[in-house]
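Colleague: Questions regarding the structure given below will be posed in turn.
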Amino acid sequence: MSKPPSNAPLAGIGVLVIGDEILSGRRRDRHLQAVIDRLAQRGLVPSWAQFLPDREEIIVDLLQRSRRDGATVFCFGGIGATPDDLTRACVARAFDRPLVRHPGAAELIEGQFGEAAYPKRILMADLPEGAELIPNAFNRVPGFSLERHFFMPGFPEMAHAMLDWILEHPLADLGNADYAERSLWLADTPESDLIDLMDSLCLEHPHLSLFSLPVLGGSRRLLELGLKGDRAEVDRVLGWLTGELSARGFEVFPERP
């Protein structure tokens, strides 16, 4: 994904993945799709996403801009204790706060590792002043948040459960819980045969979003046709659409054939 100009606004909902290992291909990113899947359940999509190297100036610059623009940001990677883990210090610098030992984080790390927490693991408790903790059920080493920026480790096994907690607690009101996305499938049907019907549907139901996605290749021409919006209206209109298409002689499937 290309990097936008340095003056491009970074408002809305952002996804930030930090780590040279992603850009070099030594690891494959799984975080962006995890955020996309969870936001879709609330009728939302990310406004932007960035993959950044382990370079302090680049990380600080982006965080300063996202903070300035009032973004909600899900950030993955770089909160460990090794020299290439720069995120905690970069957040402190970008948010103009000192890096201090968080007593709650220190207690969790000590409880998890005992004497082995010192001298290095305890460094993960050094967080920007005023940060709030994000619980980590995997090994109790917490993430943290500051001004609607949420910082999690790069390990999906830890981070995605933490992401669920964020969306259930501090961001419980984000999006629309009554949102739904439903679709049906047609076989051997070109989009051009349905444009008039789709135009009419959009005019009659302006609060719904329609999508039409042809599938190329394979032994049959397939088309996924669907609606997004209020759950009750989506279900009602999709039921009508299924009946209307069948009445016009089209072969309709509830799932991909």
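Chain labels follow the order of the structure tokens: the first chain is A, the next B, and so on; residue numbering restarts at 1 in every chain, and ligands are counted from 1 in their shown order.
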I want to know what sits within 12 Å of A:Arg30, based on only C-alpha atoms, with residues of the same chain fewer than 5 positions away left out; could you give that as number ranges by chain?
Modeller: A: 15-17, 22, 35-37, 51, 76-77, 154-157, 159-160
Colleague: Check which residues of stretch 129-240 of chain A sit at most 9 Å from stretch 95-118 of chain A using only C-alpha atoms, and return one row each with the closest pair of atoms and their distance in Å to one decimal, ordered by chain and rising number, as CSV.
Modeller:
```
residue,atom,partner,partner_atom,distance
A:Glu129,CA,A:Pro98,CA,5.7
A:Gly130,CA,A:Arg97,CA,8.3
A:Ala131,CA,A:His102,CA,8.2
A:Leu133,CA,A:Ala105,CA,7.3
A:Asn139,CA,A:Gln112,CA,7.0
A:Arg140,CA,A:Leu108,CA,6.1
A:Val141,CA,A:Ile109,CA,5.7
A:Pro142,CA,A:Ala105,CA,6.4
A:Gly143,CA,A:Ala105,CA,8.8
A:Leu146,CA,A:Phe95,CA,8.6
```
Colleague: Write down as an MDAnalysis selection string the residues of stretch 2-248 of chain A whose backbone DSSP state falls under strand (DSSP E).
Modeller: chainID A and resid 13:18 48:52 72:76 99:101 126:128 132:134 143:146 149:152 179:187 209:215 222:230
Colleague: Residues of stretch 28-70 of chain A in helix (DSSP H, G or I) according to DSSP, as a PyMOL selection string?
Modeller: chain A and resi 31-40+56-68
Colleague: Please produce a file of the residues just selected, as a PDB file, in the first residue's frame, where the atoms kept are C-alpha atoms.
Modeller:
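Dumped everything to result.pdb:
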```pdb
ATOM      1  CA  HIS A  31      -3.688  -7.382  11.305  1.00  0.00           C
ATOM      2  CA  LEU A  32      -5.271  -5.282   8.567  1.00  0.00           C
ATOM      3  CA  GLN A  33      -7.709  -8.047   7.623  1.00  0.00           C
ATOM      4  CA  ALA A  34      -8.537  -8.624  11.295  1.00  0.00           C
ATOM      5  CA  VAL A  35      -9.515  -4.967  11.665  1.00  0.00           C
ATOM      6  CA  ILE A  36     -11.452  -4.981   8.381  1.00  0.00           C
ATOM      7  CA  ASP A  37     -13.447  -8.059   9.436  1.00  0.00           C
ATOM      8  CA  ARG A  38     -14.379  -6.584  12.808  1.00  0.00           C
ATOM      9  CA  LEU A  39     -15.265  -3.133  11.501  1.00  0.00           C
ATOM     10  CA  ALA A  40     -17.453  -4.657   8.790  1.00  0.00           C
ATOM     11  CA  GLU A  56      11.754   6.418  14.707  1.00  0.00           C
ATOM     12  CA  GLU A  57      11.335   9.555  12.591  1.00  0.00           C
ATOM     13  CA  ILE A  58       8.809   7.905  10.274  1.00  0.00           C
ATOM     14  CA  ILE A  59       6.746   6.469  13.144  1.00  0.00           C
ATOM     15  CA  VAL A  60       6.754   9.736  15.098  1.00  0.00           C
ATOM     16  CA  ASP A  61       5.748  11.771  12.038  1.00  0.00           C
ATOM     17  CA  LEU A  62       2.754   9.583  11.278  1.00  0.00           C
ATOM     18  CA  LEU A  63       1.571   9.494  14.899  1.00  0.00           C
ATOM     19  CA  GLN A  64       1.848  13.262  15.196  1.00  0.00           C
ATOM     20  CA  ARG A  65      -0.337  13.659  12.119  1.00  0.00           C
ATOM     21  CA  SER A  66      -2.929  11.081  13.176  1.00  0.00           C
ATOM     22  CA  ARG A  67      -3.120  12.698  16.612  1.00  0.00           C
ATOM     23  CA  ARG A  68      -3.475  16.159  15.090  1.00  0.00           C
TER      24      ARG A  68
END
```
Colleague: Which polymer residues have any atom within 9 Å of an atom of A:Arg148, counting only C-alpha atoms, with same-chain residues fewer than 5 positions away left out, as a list of chain:residue names?
Modeller: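 Here the qualifying residues turn out to be A:Arg67, A:Gly70, A:Ala71, A:Thr72, A:Val73, A:Phe74, A:Pro170, A:Leu171.
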Colleague: Could you save the residues just selected, with N, CA and C atoms, as a CSV table (one decimal), in the first residue's frame?
Modeller:
```csv
chain,number,residue,atom,x,y,z
A,67,ARG,N,-2.7,12.0,15.4
A,67,ARG,CA,-3.1,12.7,16.6
A,67,ARG,C,-3.7,14.1,16.3
A,70,GLY,N,-7.1,13.8,14.7
A,70,GLY,CA,-8.2,13.2,15.5
A,70,GLY,C,-8.6,11.9,15.1
A,71,ALA,N,-7.7,11.1,14.6
A,71,ALA,CA,-8.0,9.7,14.1
A,71,ALA,C,-8.1,8.8,15.3
A,72,THR,N,-8.9,7.7,15.0
A,72,THR,CA,-8.9,6.5,15.8
A,72,THR,C,-7.9,5.5,15.2
A,73,VAL,N,-6.9,5.0,15.9
A,73,VAL,CA,-5.9,4.3,15.2
A,73,VAL,C,-5.6,2.9,16.0
A,74,PHE,N,-5.6,1.9,15.2
A,74,PHE,CA,-5.2,0.6,15.7
A,74,PHE,C,-3.8,0.3,15.3
A,170,PRO,N,-13.7,0.3,25.3
A,170,PRO,CA,-13.6,1.7,25.0
A,170,PRO,C,-14.2,2.1,23.7
A,171,LEU,N,-14.3,1.2,22.7
A,171,LEU,CA,-14.9,1.6,21.5
A,171,LEU,C,-16.3,0.9,21.2
```
Colleague: Taking only C-alpha atoms into account, which of A:Met198, A:Ala8, A:Leu203, A:Gly218 comes nearest A:Leu238?
Modeller: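 Answer, going by the shortest atom-to-atom distance: A:Met198.
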